[in-house]
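Enquirer: I'm passing along coords.txt; it holds compact mmCIF, C-alpha atoms.
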```
# COMPACT_ATOMS: atom_id res chain seq x y z
CA MET A 1 0.00 0.00 0.00
CA HIS A 2 1.32 3.46 -0.91
CA LEU A 3 0.17 6.77 0.65
CA ASN A 4 -1.35 9.01 -2.00
CA HIS A 5 0.21 12.39 -2.87
CA ASP A 6 -2.50 14.54 -1.29
CA PHE A 7 -2.26 12.70 1.97
CA LYS A 8 1.53 12.99 2.09
CA LYS A 9 1.18 16.72 1.57
CA TYR A 10 -0.70 17.19 4.82
CA LEU A 11 1.06 14.54 6.89
CA ASN A 12 3.35 15.99 9.56
CA LYS A 13 6.45 14.33 11.00
CA SER A 14 4.70 13.44 14.27
CA LEU A 15 2.03 11.43 12.48
CA LEU A 16 4.65 9.68 10.33
CA THR A 17 6.60 8.68 13.41
CA SER A 18 3.47 7.31 15.08
CA LEU A 19 2.52 5.26 12.05
CA LEU A 20 6.03 3.83 11.78
CA CYS A 21 5.99 2.80 15.42
CA TYR A 22 2.64 1.04 14.92
CA ALA A 23 4.09 -0.80 11.93
CA ILE A 24 7.12 -1.99 13.92
CA ILE A 25 4.93 -3.16 16.81
CA PHE A 26 2.68 -5.00 14.34
CA CYS A 27 5.68 -6.84 12.80
CA MET A 28 6.90 -7.85 16.27
CA ILE A 29 3.49 -9.20 17.29
CA VAL A 30 2.81 -11.20 14.12
CA PRO A 31 4.75 -14.47 14.32
CA VAL A 32 7.39 -15.04 11.67
CA TYR A 33 6.62 -18.78 11.46
CA ALA A 34 3.31 -20.24 10.35
CA ALA A 35 1.98 -23.74 9.89
CA VAL A 36 2.98 -25.42 6.64
CA THR A 37 0.24 -25.29 4.04
CA PRO A 38 -1.31 -28.71 3.43
CA LYS A 39 0.12 -30.50 0.41
CA ALA A 40 -1.88 -30.47 -2.81
CA ILE A 41 -1.35 -32.70 -5.85
CA ILE A 42 -1.08 -31.06 -9.25
CA LYS A 43 -1.71 -33.72 -11.86
CA TYR A 44 -0.34 -33.45 -15.37
CA GLU A 45 -1.60 -36.07 -17.83
CA THR A 46 0.63 -37.01 -20.72
CA THR A 47 -0.95 -37.30 -24.13
CA ALA A 48 -0.50 -40.19 -26.52
CA ASP A 49 1.98 -38.09 -28.51
CA GLU A 50 4.26 -37.42 -25.56
CA ASN A 51 7.09 -39.69 -24.48
CA ALA A 52 6.61 -40.48 -20.81
CA ALA A 53 8.79 -42.98 -18.99
CA GLY A 54 9.98 -44.49 -15.70
CA THR A 55 13.23 -45.63 -14.23
CA SER A 56 13.60 -49.21 -15.31
CA GLY A 57 11.81 -52.24 -16.64
CA SER A 58 11.77 -55.71 -15.24
CA ALA A 59 14.20 -58.11 -16.83
CA PRO A 60 12.99 -61.58 -17.82
CA ASP A 61 14.24 -64.63 -16.00
CA SER A 62 17.11 -66.14 -17.95
CA ASN A 63 15.36 -69.51 -17.66
CA ALA A 64 12.57 -68.14 -19.82
CA SER A 65 14.90 -67.02 -22.59
CA GLY A 66 13.47 -69.41 -25.15
CA SER A 67 15.99 -70.37 -27.81
CA LEU A 68 18.65 -67.92 -26.58
CA ILE A 69 21.39 -70.28 -25.43
CA PRO A 70 24.84 -68.69 -25.99
CA SER A 71 27.85 -70.97 -26.43
CA ALA A 72 29.87 -68.53 -24.31
CA ARG A 73 30.88 -69.59 -20.82
CA SER A 74 29.42 -66.30 -19.56
CA ALA A 75 27.04 -63.82 -21.18
CA LEU A 76 25.00 -60.74 -20.36
CA ILE A 77 22.76 -58.31 -22.27
CA MET A 78 22.23 -54.84 -20.81
CA GLU A 79 20.25 -51.83 -21.99
CA ALA A 80 22.62 -48.90 -21.80
CA LYS A 81 20.46 -45.96 -20.69
CA THR A 82 18.72 -47.63 -17.77
CA GLY A 83 21.31 -50.30 -17.01
CA THR A 84 18.60 -52.96 -17.09
CA VAL A 85 19.90 -56.51 -17.46
CA ILE A 86 17.82 -58.30 -20.09
CA PHE A 87 19.56 -61.67 -20.10
CA GLU A 88 22.42 -63.29 -18.24
CA LYS A 89 24.31 -66.57 -18.07
CA ASN A 90 26.99 -67.12 -15.42
CA ALA A 91 27.33 -63.34 -15.38
CA ASP A 92 29.27 -63.24 -12.09
CA GLU A 93 31.82 -65.93 -12.87
CA ARG A 94 35.35 -64.53 -12.75
CA LEU A 95 37.10 -65.09 -16.07
CA ARG A 96 40.03 -63.74 -18.08
CA PRO A 97 38.94 -60.71 -20.15
CA ALA A 98 41.90 -60.46 -22.57
CA SER A 99 41.86 -57.14 -24.48
CA VAL A 100 38.33 -56.28 -23.31
CA THR A 101 40.39 -54.90 -20.40
CA LYS A 102 41.11 -51.89 -22.61
CA ILE A 103 37.57 -50.59 -22.05
CA MET A 104 38.68 -49.46 -18.59
CA THR A 105 41.92 -48.06 -20.02
CA LEU A 106 39.93 -46.01 -22.54
CA LEU A 107 37.48 -44.90 -19.85
CA LEU A 108 40.28 -43.43 -17.74
CA ILE A 109 41.86 -41.78 -20.79
CA PHE A 110 38.59 -40.06 -21.66
CA GLU A 111 38.08 -39.00 -18.05
CA GLY A 112 41.46 -37.27 -18.18
CA LEU A 113 40.38 -35.47 -21.35
CA GLU A 114 37.11 -34.44 -19.70
CA LYS A 115 39.02 -33.02 -16.72
CA LYS A 116 41.32 -31.15 -19.13
CA GLN A 117 44.42 -32.86 -17.73
CA TYR A 118 45.60 -33.10 -21.34
CA THR A 119 44.25 -32.66 -24.87
CA LEU A 120 43.97 -34.86 -27.95
CA ASP A 121 46.91 -32.96 -29.46
CA ASP A 122 49.30 -33.55 -26.56
CA ILE A 123 52.38 -35.62 -27.36
CA VAL A 124 53.01 -39.05 -25.82
CA THR A 125 56.55 -40.45 -25.77
CA VAL A 126 56.89 -44.23 -25.96
CA SER A 127 59.01 -45.89 -23.25
CA GLU A 128 61.11 -49.01 -23.48
CA HIS A 129 58.52 -50.81 -21.36
CA ALA A 130 55.61 -49.81 -23.59
CA ALA A 131 57.48 -50.73 -26.75
CA SER A 132 58.26 -54.19 -25.35
CA MET A 133 54.63 -55.30 -25.18
CA GLY A 134 53.85 -58.41 -27.18
CA GLY A 135 50.55 -59.58 -28.60
CA SER A 136 48.40 -57.15 -30.56
CA GLN A 137 50.47 -54.03 -31.25
CA VAL A 138 51.25 -51.22 -33.69
CA TYR A 139 55.03 -51.62 -33.27
CA LEU A 140 55.79 -48.38 -31.47
CA GLU A 141 59.49 -47.85 -30.84
CA PRO A 142 61.25 -46.46 -27.75
CA GLY A 143 61.44 -42.67 -27.96
CA GLU A 144 58.79 -42.49 -30.69
CA THR A 145 56.08 -39.89 -30.19
CA GLN A 146 52.39 -39.95 -31.07
CA THR A 147 49.49 -37.67 -30.19
CA VAL A 148 46.91 -38.71 -27.62
CA ASN A 149 44.38 -38.83 -30.46
CA ASP A 150 46.48 -41.31 -32.45
CA MET A 151 47.12 -43.43 -29.37
CA ILE A 152 43.35 -43.68 -28.79
CA LYS A 153 42.96 -44.77 -32.41
CA CYS A 154 45.57 -47.48 -31.94
CA ILE A 155 43.83 -48.80 -28.82
CA SER A 156 40.26 -48.56 -30.12
CA ILE A 157 40.79 -49.81 -33.65
CA ALA A 158 43.84 -52.09 -33.53
CA SER A 159 43.70 -53.10 -29.83
CA ALA A 160 47.36 -52.12 -29.47
CA ASN A 161 48.99 -53.25 -26.25
CA ASP A 162 51.99 -50.97 -26.74
CA ALA A 163 49.77 -47.91 -27.19
CA SER A 164 47.74 -48.87 -24.08
CA VAL A 165 50.83 -49.03 -21.88
CA ALA A 166 52.24 -45.81 -23.36
CA MET A 167 48.99 -44.00 -22.52
CA ALA A 168 48.91 -45.54 -19.03
CA GLU A 169 52.37 -44.13 -18.36
CA PHE A 170 51.37 -40.78 -19.86
CA VAL A 171 48.24 -40.51 -17.69
CA ALA A 172 49.52 -41.86 -14.37
CA GLY A 173 53.32 -41.84 -14.60
CA SER A 174 53.67 -45.61 -14.68
CA GLU A 175 51.60 -48.64 -15.62
CA PRO A 176 51.30 -49.88 -11.99
CA ALA A 177 50.01 -46.45 -10.91
CA PHE A 178 47.51 -46.51 -13.77
CA VAL A 179 46.37 -50.00 -12.80
CA GLU A 180 45.69 -48.71 -9.29
CA GLN A 181 43.41 -46.10 -10.87
CA MET A 182 41.71 -48.83 -12.91
CA ASN A 183 40.92 -50.85 -9.79
CA ALA A 184 39.75 -47.75 -7.94
CA LYS A 185 37.39 -46.92 -10.80
CA ALA A 186 36.15 -50.49 -10.83
CA ARG A 187 35.22 -50.21 -7.15
CA GLU A 188 33.51 -46.87 -7.81
CA LEU A 189 31.38 -48.46 -10.56
CA GLY A 190 30.40 -51.40 -8.34
CA MET A 191 32.49 -53.92 -10.26
CA GLN A 192 32.67 -56.27 -7.27
CA ASN A 193 34.40 -59.21 -8.93
CA THR A 194 37.13 -57.45 -10.91
CA THR A 195 40.87 -57.25 -10.37
CA PHE A 196 43.11 -55.62 -12.96
CA VAL A 197 46.80 -56.47 -13.05
CA ASN A 198 47.71 -54.64 -16.26
CA CYS A 199 46.14 -52.11 -18.61
CA CYS A 200 46.07 -54.15 -21.83
CA GLY A 201 44.77 -57.61 -21.00
CA LEU A 202 47.87 -59.72 -21.54
CA GLU A 203 47.73 -62.90 -19.47
CA ALA A 204 48.63 -62.29 -15.81
CA GLU A 205 47.86 -64.19 -12.64
CA GLY A 206 44.77 -62.77 -10.94
CA HIS A 207 43.74 -60.55 -13.88
CA LEU A 208 40.02 -61.42 -13.77
CA THR A 209 36.60 -59.90 -14.24
CA THR A 210 33.00 -60.90 -15.04
CA ALA A 211 30.46 -60.30 -17.79
CA ARG A 212 28.40 -58.12 -15.43
CA ASP A 213 31.40 -55.99 -14.48
CA ILE A 214 32.42 -55.58 -18.12
CA ALA A 215 28.89 -54.40 -18.92
CA LEU A 216 29.12 -51.84 -16.10
CA MET A 217 32.36 -50.29 -17.36
CA SER A 218 31.14 -50.46 -20.96
CA ARG A 219 27.98 -48.59 -20.02
CA GLU A 220 30.00 -45.93 -18.21
CA LEU A 221 32.23 -45.44 -21.25
CA ILE A 222 29.53 -45.17 -23.92
CA THR A 223 27.09 -43.06 -21.89
CA ARG A 224 29.60 -40.66 -20.31
CA HIS A 225 31.93 -40.49 -23.30
CA PRO A 226 29.89 -41.28 -26.43
CA GLN A 227 32.76 -39.94 -28.59
CA ILE A 228 34.31 -43.37 -28.15
CA HIS A 229 32.06 -44.44 -31.02
CA ASP A 230 33.94 -42.02 -33.29
CA TYR A 231 36.97 -44.25 -32.77
CA CYS A 232 35.70 -47.79 -32.32
CA THR A 233 33.46 -47.68 -35.41
CA VAL A 234 36.34 -46.78 -37.75
CA TRP A 235 37.05 -49.76 -39.97
CA GLN A 236 40.43 -48.68 -41.29
CA ASP A 237 42.82 -45.83 -40.54
CA SER A 238 46.54 -45.26 -40.19
CA ILE A 239 49.23 -43.62 -38.10
CA THR A 240 52.65 -42.35 -39.09
CA HIS A 241 55.76 -43.73 -37.41
CA GLU A 242 58.53 -41.13 -37.03
CA THR A 243 61.65 -43.00 -35.92
CA ARG A 244 65.41 -42.96 -36.46
CA ARG A 245 64.78 -44.94 -39.62
CA GLY A 246 62.58 -42.19 -41.01
CA SER A 247 58.86 -41.80 -41.61
CA SER A 248 56.50 -44.66 -42.44
CA GLU A 249 52.76 -45.17 -42.50
CA PHE A 250 51.21 -48.01 -40.50
CA GLY A 251 47.71 -49.25 -41.29
CA LEU A 252 45.08 -49.89 -38.62
CA THR A 253 42.26 -52.38 -39.19
CA ASN A 254 39.45 -52.83 -36.70
CA THR A 255 39.59 -56.07 -34.73
CA ASN A 256 35.80 -55.97 -34.26
CA LYS A 257 34.48 -57.73 -37.36
CA PHE A 258 30.95 -57.54 -35.89
CA LEU A 259 30.84 -53.98 -37.23
CA LYS A 260 30.57 -55.45 -40.73
CA GLN A 261 28.32 -58.32 -39.72
CA TYR A 262 25.48 -56.55 -37.89
CA THR A 263 23.59 -53.54 -39.21
CA TYR A 264 23.23 -51.73 -35.89
CA ALA A 265 26.68 -52.48 -34.43
CA ASN A 266 28.63 -49.44 -33.19
CA GLY A 267 31.37 -50.88 -30.94
CA LEU A 268 33.02 -51.76 -28.65
CA LYS A 269 35.99 -54.04 -27.85
CA THR A 270 37.13 -57.55 -28.67
CA GLY A 271 39.57 -59.79 -26.81
CA TYR A 272 41.38 -63.07 -27.31
CA THR A 273 44.11 -65.13 -25.70
CA SER A 274 44.55 -68.88 -25.71
CA LEU A 275 43.38 -69.01 -22.08
CA ALA A 276 40.62 -66.39 -22.23
CA LYS A 277 39.26 -67.69 -25.55
CA TYR A 278 37.12 -65.31 -27.60
CA CYS A 279 35.63 -62.41 -25.64
CA ILE A 280 33.77 -59.24 -26.61
CA SER A 281 31.80 -56.34 -25.26
CA ALA A 282 29.67 -55.33 -28.22
CA THR A 283 27.33 -52.37 -28.55
CA ALA A 284 24.54 -51.77 -31.02
CA ALA A 285 22.06 -48.90 -31.43
CA LYS A 286 18.62 -49.06 -33.01
CA ASP A 287 16.09 -46.24 -32.79
CA SER A 288 16.31 -45.00 -29.17
CA LEU A 289 17.81 -48.21 -27.80
CA GLU A 290 21.47 -49.03 -27.27
CA LEU A 291 22.35 -52.54 -26.11
CA ILE A 292 25.53 -53.94 -24.60
CA THR A 293 26.23 -57.64 -25.09
CA VAL A 294 29.14 -59.21 -23.24
CA LEU A 295 30.36 -62.69 -24.17
CA MET A 296 33.26 -64.38 -22.42
CA ALA A 297 35.14 -67.58 -23.27
CA GLU A 298 33.48 -68.27 -26.60
CA PRO A 299 35.05 -71.38 -28.16
CA ASP A 300 35.66 -69.79 -31.58
CA ILE A 301 35.00 -66.70 -33.71
CA LYS A 302 32.00 -68.19 -35.51
CA SER A 303 30.27 -68.93 -32.22
CA ARG A 304 31.00 -65.41 -30.99
CA VAL A 305 29.45 -63.85 -34.10
CA LYS A 306 26.42 -66.14 -34.01
CA ASP A 307 25.80 -65.49 -30.33
CA LEU A 308 26.21 -61.74 -30.74
CA GLN A 309 23.62 -61.63 -33.50
CA SER A 310 21.21 -63.77 -31.48
CA CYS A 311 21.69 -61.70 -28.32
CA MET A 312 21.24 -58.36 -30.08
CA ASP A 313 18.15 -59.54 -31.97
CA TYR A 314 16.74 -60.92 -28.73
CA GLY A 315 17.28 -57.63 -26.92
CA PHE A 316 15.88 -55.40 -29.64
CA SER A 317 12.81 -57.63 -30.08
CA ARG A 318 11.94 -57.58 -26.38
CA CYS A 319 12.75 -54.00 -25.42
CA LYS A 320 11.16 -50.63 -25.97
CA LEU A 321 12.57 -47.49 -24.39
CA TYR A 322 10.33 -44.54 -23.60
CA GLU A 323 11.83 -41.26 -22.50
CA ASP A 324 10.56 -38.08 -20.93
CA LYS A 325 13.24 -35.39 -21.01
CA ASN A 326 11.17 -33.26 -18.60
CA GLU A 327 11.51 -30.11 -20.64
CA ASP A 328 8.01 -28.81 -19.82
CA PRO A 329 8.09 -25.60 -17.72
CA LEU A 330 7.24 -25.91 -14.04
CA PRO A 331 5.15 -23.25 -12.23
CA PRO A 332 6.99 -21.35 -9.46
CA LEU A 333 5.98 -22.19 -5.90
CA PRO A 334 4.59 -19.49 -3.58
CA VAL A 335 6.93 -18.85 -0.63
CA SER A 336 5.80 -18.04 2.91
CA HIS A 337 7.90 -15.71 5.10
CA GLY A 338 10.67 -15.38 2.56
CA LYS A 339 12.55 -12.43 1.13
CA THR A 340 11.12 -13.46 -2.26
CA ASP A 341 7.50 -14.38 -2.84
CA THR A 342 7.99 -17.21 -5.36
CA LEU A 343 10.47 -20.04 -5.85
CA PRO A 344 11.53 -21.24 -9.32
CA ILE A 345 11.74 -25.04 -9.47
CA THR A 346 13.29 -27.55 -11.85
CA TYR A 347 13.32 -31.27 -12.58
CA ASP A 348 16.25 -33.30 -11.30
CA GLY A 349 16.60 -34.78 -14.78
CA GLY A 350 14.84 -36.87 -17.36
CA MET A 351 13.17 -40.27 -17.04
CA GLU A 352 13.70 -43.50 -18.92
CA TYR A 353 11.55 -46.59 -18.70
CA LEU A 354 12.53 -49.84 -20.38
CA ASP A 355 9.64 -52.18 -21.11
CA THR A 356 10.35 -55.85 -21.75
CA GLU A 357 6.77 -57.14 -21.53
CA GLY A 358 5.14 -55.53 -24.54
CA ARG A 359 2.95 -53.16 -22.52
CA ASP A 360 1.24 -50.15 -24.09
CA LEU A 361 3.07 -47.16 -22.60
CA SER A 362 0.85 -44.59 -24.30
CA ALA A 363 -1.29 -44.90 -21.14
CA VAL A 364 1.52 -43.73 -18.85
CA GLU A 365 0.41 -40.88 -16.58
CA LYS A 366 2.71 -38.22 -15.16
CA ALA A 367 1.62 -36.42 -11.98
CA LEU A 368 3.40 -33.54 -10.25
CA SER A 369 3.36 -33.80 -6.47
CA LEU A 370 4.05 -30.30 -5.12
CA PRO A 371 3.05 -28.30 -2.03
CA GLU A 372 0.73 -25.32 -2.45
CA SER A 373 3.43 -23.18 -0.88
CA ILE A 374 6.80 -23.60 0.80
CA GLU A 375 8.20 -22.11 3.99
CA ALA A 376 11.43 -20.09 3.86
CA PRO A 377 14.31 -20.61 4.19
CA VAL A 378 14.87 -22.87 1.20
CA HIS A 379 18.22 -23.69 -0.40
CA GLU A 380 19.04 -24.25 -4.04
CA GLY A 381 18.92 -27.99 -4.73
CA ASP A 382 16.47 -28.81 -1.93
CA ILE A 383 13.86 -31.39 -2.97
CA VAL A 384 10.44 -29.75 -2.93
CA GLY A 385 8.36 -32.34 -4.79
CA GLU A 386 8.44 -35.03 -7.44
CA ALA A 387 7.04 -36.12 -10.77
CA VAL A 388 5.51 -39.59 -10.47
CA TYR A 389 4.93 -41.90 -13.42
CA THR A 390 2.24 -44.59 -13.30
CA LEU A 391 0.78 -47.14 -15.70
CA ASN A 392 -2.64 -48.57 -14.90
CA GLY A 393 -2.14 -47.67 -11.26
CA THR A 394 1.37 -49.13 -10.99
CA VAL A 395 4.19 -46.70 -10.18
CA LEU A 396 6.95 -46.95 -12.79
CA GLY A 397 9.29 -44.41 -11.26
CA SER A 398 9.71 -40.80 -10.22
CA VAL A 399 11.93 -37.76 -10.66
CA SER A 400 12.67 -35.30 -7.87
CA ILE A 401 11.78 -31.64 -8.29
CA ARG A 402 14.27 -29.23 -6.72
CA ALA A 403 14.54 -25.59 -5.74
CA ALA A 404 16.32 -23.64 -8.47
CA GLN A 405 17.56 -20.89 -6.13
CA THR A 406 18.11 -20.06 -2.46
CA ILE A 407 15.49 -17.93 -0.68
CA GLU A 408 16.33 -16.57 2.76
CA GLN A 409 13.84 -16.27 5.57
CA ALA A 410 12.49 -12.79 6.19
CA ASP A 411 13.63 -11.37 9.57
CA TYR A 412 12.53 -8.36 11.64
CA LYS A 413 14.96 -6.07 9.85
CA TYR A 414 13.45 -7.10 6.53
CA TYR A 415 9.90 -6.37 7.76
CA PHE A 416 11.04 -3.04 9.27
CA LEU A 417 12.53 -1.90 5.95
CA LYS A 418 9.51 -3.18 4.06
CA ALA A 419 7.19 -1.25 6.37
CA ALA A 420 9.31 1.87 5.93
CA ARG A 421 9.07 1.56 2.16
CA LEU A 422 5.32 1.18 2.39
CA LEU A 423 5.02 4.28 4.55
CA PHE A 424 7.40 6.57 2.70
CA GLY A 425 6.84 5.25 -0.81
```
Just give me the structure as structure tokens.
Expert:
Amino acid sequence: MHLNHDFKKYLNKSLLTSLLCYAIIFCMIVPVYAAVTPKAIIKYETTADENAAGTSGSAPDSNASGSLIPSARSALIMEAKTGTVIFEKNADERLRPASVTKIMTLLLIFEGLEKKQYTLDDIVTVSEHAASMGGSQVYLEPGETQTVNDMIKCISIASANDASVAMAEFVAGSEPAFVEQMNAKARELGMQNTTFVNCCGLEAEGHLTTARDIALMSRELITRHPQIHDYCTVWQDSITHETRRGSSEFGLTNTNKFLKQYTYANGLKTGYTSLAKYCISATAAKDSLELITVLMAEPDIKSRVKDLQSCMDYGFSRCKLYEDKNEDPLPPLPVSHGKTDTLPITYDGGMEYLDTEGRDLSAVEKALSLPESIEAPVHEGDIVGEAVYTLNGTVLGSVSIRAAQTIEQADYKYYFLKAARLLFG
């Protein structure tokens, strides 16, 4: 309320002082705290044209897998966005991973890039130790230099052991230090049955993991660092060796022949040793779905290819992914006893729901559960409500709704100044 001009003209200082005193007394009498307003539900119905989703779908029992019987000693199919396991066979048996190990090596390399510890153009110098690696290699020589980008190409395309060790030394100072980081990352990702002994997958006592753990690190790599596909889908490329003998070009050919054998294949890493047999963590993308299939200890290449095709077809035929990116605007919440009257709010993120039972998700309902008002103080990031997704009365999942800014509680000084502004205009 503002005093009009005519009234101000005739108001003397004594009357102003009296009114101000009354205002201060009023603010002191009225309690700052009030009861929380009862919660009200604001319901938002999705239409048939909108993509609404939940957190995860239920995976079928592997005993009900029909004709899906992989020859691999261990197998697992996972949907990448939700992490839902669609099929598994001996998924927690500890086995030798061979060069599939390099998925963790690549994950740590990309994390270093993300943290700006180095760039793709930085130069890596090859050590005697790195150059001495046997098995799959690109024949790097001691003292030779390559860019980080070219080293990633060598690892992703040609599965080069020498490039893997050179990058491990570049990132962590030594291969043992890098391996410590690999094991720490494995624990962080919940890879409970994994122990890394080296960064390239050459046979070593105790170097073991499982199909489930490989799927976990594969998912982390492709979802957090999707640029890996720019490398692992390249069929042929080359690097240039600059050594004492001069300059020479060396061709790189992808070890993952599945890229040419399956329409939707887009990665990821093969592995083979005489003890590990034929292993792979393969990825494939179709429409909005991306699947990870891990096979360990396949008896031969033909079996690995056949099983990969069967597993991918099985996954794509059973799964449908619905997404709600939660981009619809949310109404601000009224604030009680705050220095600001309304609170902007935001979704905690999007929702994904993976269906494996053929249900009609066009009937999914999305309801916003929010209070009619909120009591100050409130801090940015505080959970103030949620969006709940249901299908035929069954809750599929929810997303938290958070405060988008901090609002302080109004104190007596605030009310005094506010009263003064009301009185003096």
Enquirer: Which distance in Å separates CA of Ser174 (chain A) and CA of Leu113 (chain A), to one decimal?
Expert: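 About the pair CA of Ser174 (chain A) and CA of Leu113 (chain A): they are 18.0 Å apart.
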Enquirer: Which distance in Å separates CA of Lys102 (chain A) and CA of Ser156 (chain A), to one decimal?
Expert: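 One can read the CA of Lys102 (chain A) to CA of Ser156 (chain A) distance as 8.3 Å.
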Enquirer: For a quick check of your reading of the model, name the residues lying within 10 Å of the coordinate (44.7, -63.0, -14.8), counting all atoms listed in the file, and write them as a ChimeraX atom specification.
Expert: /A:94-98,195-198,201-209,275-276
Enquirer: Between CA of Ala158 (chain A) and CA of Ala282 (chain A), what is the distance in Å, rounded to a tenth?
Expert: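 According to the coordinates, CA of Ala158 (chain A) and CA of Ala282 (chain A) are separated by 15.5 Å.
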Enquirer: I need the residue nearest Asn392 (chain A) from this list: A:Ser281, A:Ser362, A:Thr125, A:Gln227. Use all atoms listed in the file for the distance.
Expert: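 Selected residue with least distance to Asn392 (chain A): A:Ser362.
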Enquirer: Which residue gives the smallest distance to Gln409 (chain A) among A:Gly397, A:Thr210, A:Ala376, A:Tyr389, with all atoms listed in the file counted?
Expert: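 Looking only at the distances to Gln409 (chain A), the closest residue turns out to be A:Ala376.
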Enquirer: Near region 107-112 of chain A, counting all atoms listed in the file, which residues have an atom at most 9 Å away, once you skip same-chain residues fewer than 2 positions from it, shown as a list in words?
Expert: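 Listing them by chain and then by number gives Lys102, Ile103, Met104, Thr105, Glu114, Lys115, Lys116, Gln117, Tyr118, Thr119, Ile152, Met167, Ala168, Val171, Phe178, Gln181, Met182, Lys185, Met217, Ser218, Glu220, Leu221, Ile222, Arg224, His225 and Ile228 of chain A.
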Enquirer: For Lys153 (chain A), which residue out of A:Lys81, A:Asp213, A:Leu252, A:Gln137 is the nearest one, using all atoms listed in the file?
Expert: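 Of all the options, A:Leu252 lies closest to Lys153 (chain A).
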Enquirer: Which protein, DNA or RNA residues are at most 12 Å from (26.5, -73.4, -25.8) in the file's coordinates when you count only C-alpha atoms, listed as a ChimeraX atom specification?
Expert: /A:67-75,89,295-300,303-304,306-307
Enquirer: With all atoms listed in the file as the basis for distance, which of A:Val85, A:Ile157, A:Pro142, A:Arg318 is at the shortest distance from Gly251 (chain A)?
Expert: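 Among A:Val85, A:Ile157, A:Pro142, A:Arg318, it is A:Ile157 that comes nearest to Gly251 (chain A).
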Enquirer: Excluding Leu391 (chain A) and any residue of its chain fewer than 5 positions from it, enumerate the residues within 8 Å of it, using only C-alpha atoms, and give them as a VMD selection string.
Expert: chain A and resid 361 363 to 365 396
Enquirer: Can you report as AutoDock Vina command-line options the centre and edge lengths in Å, to one decimal, of an axis-aligned box around the listed atoms of region 341-347 of chain A padded with 6 Å on each side?
Expert:
```
--center_x 10.4 --center_y -22.8 --center_z -7.7 --size_x 17.8 --size_y 28.9 --size_z 21.7
```
Enquirer: Using only C-alpha atoms, pick whichever of A:Leu321, A:Val179, A:Leu370, A:Ala215 has the shortest atom-to-atom distance to Pro334 (chain A).
Expert: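 Among A:Leu321, A:Val179, A:Leu370, A:Ala215, it is A:Leu370 that comes nearest to Pro334 (chain A).
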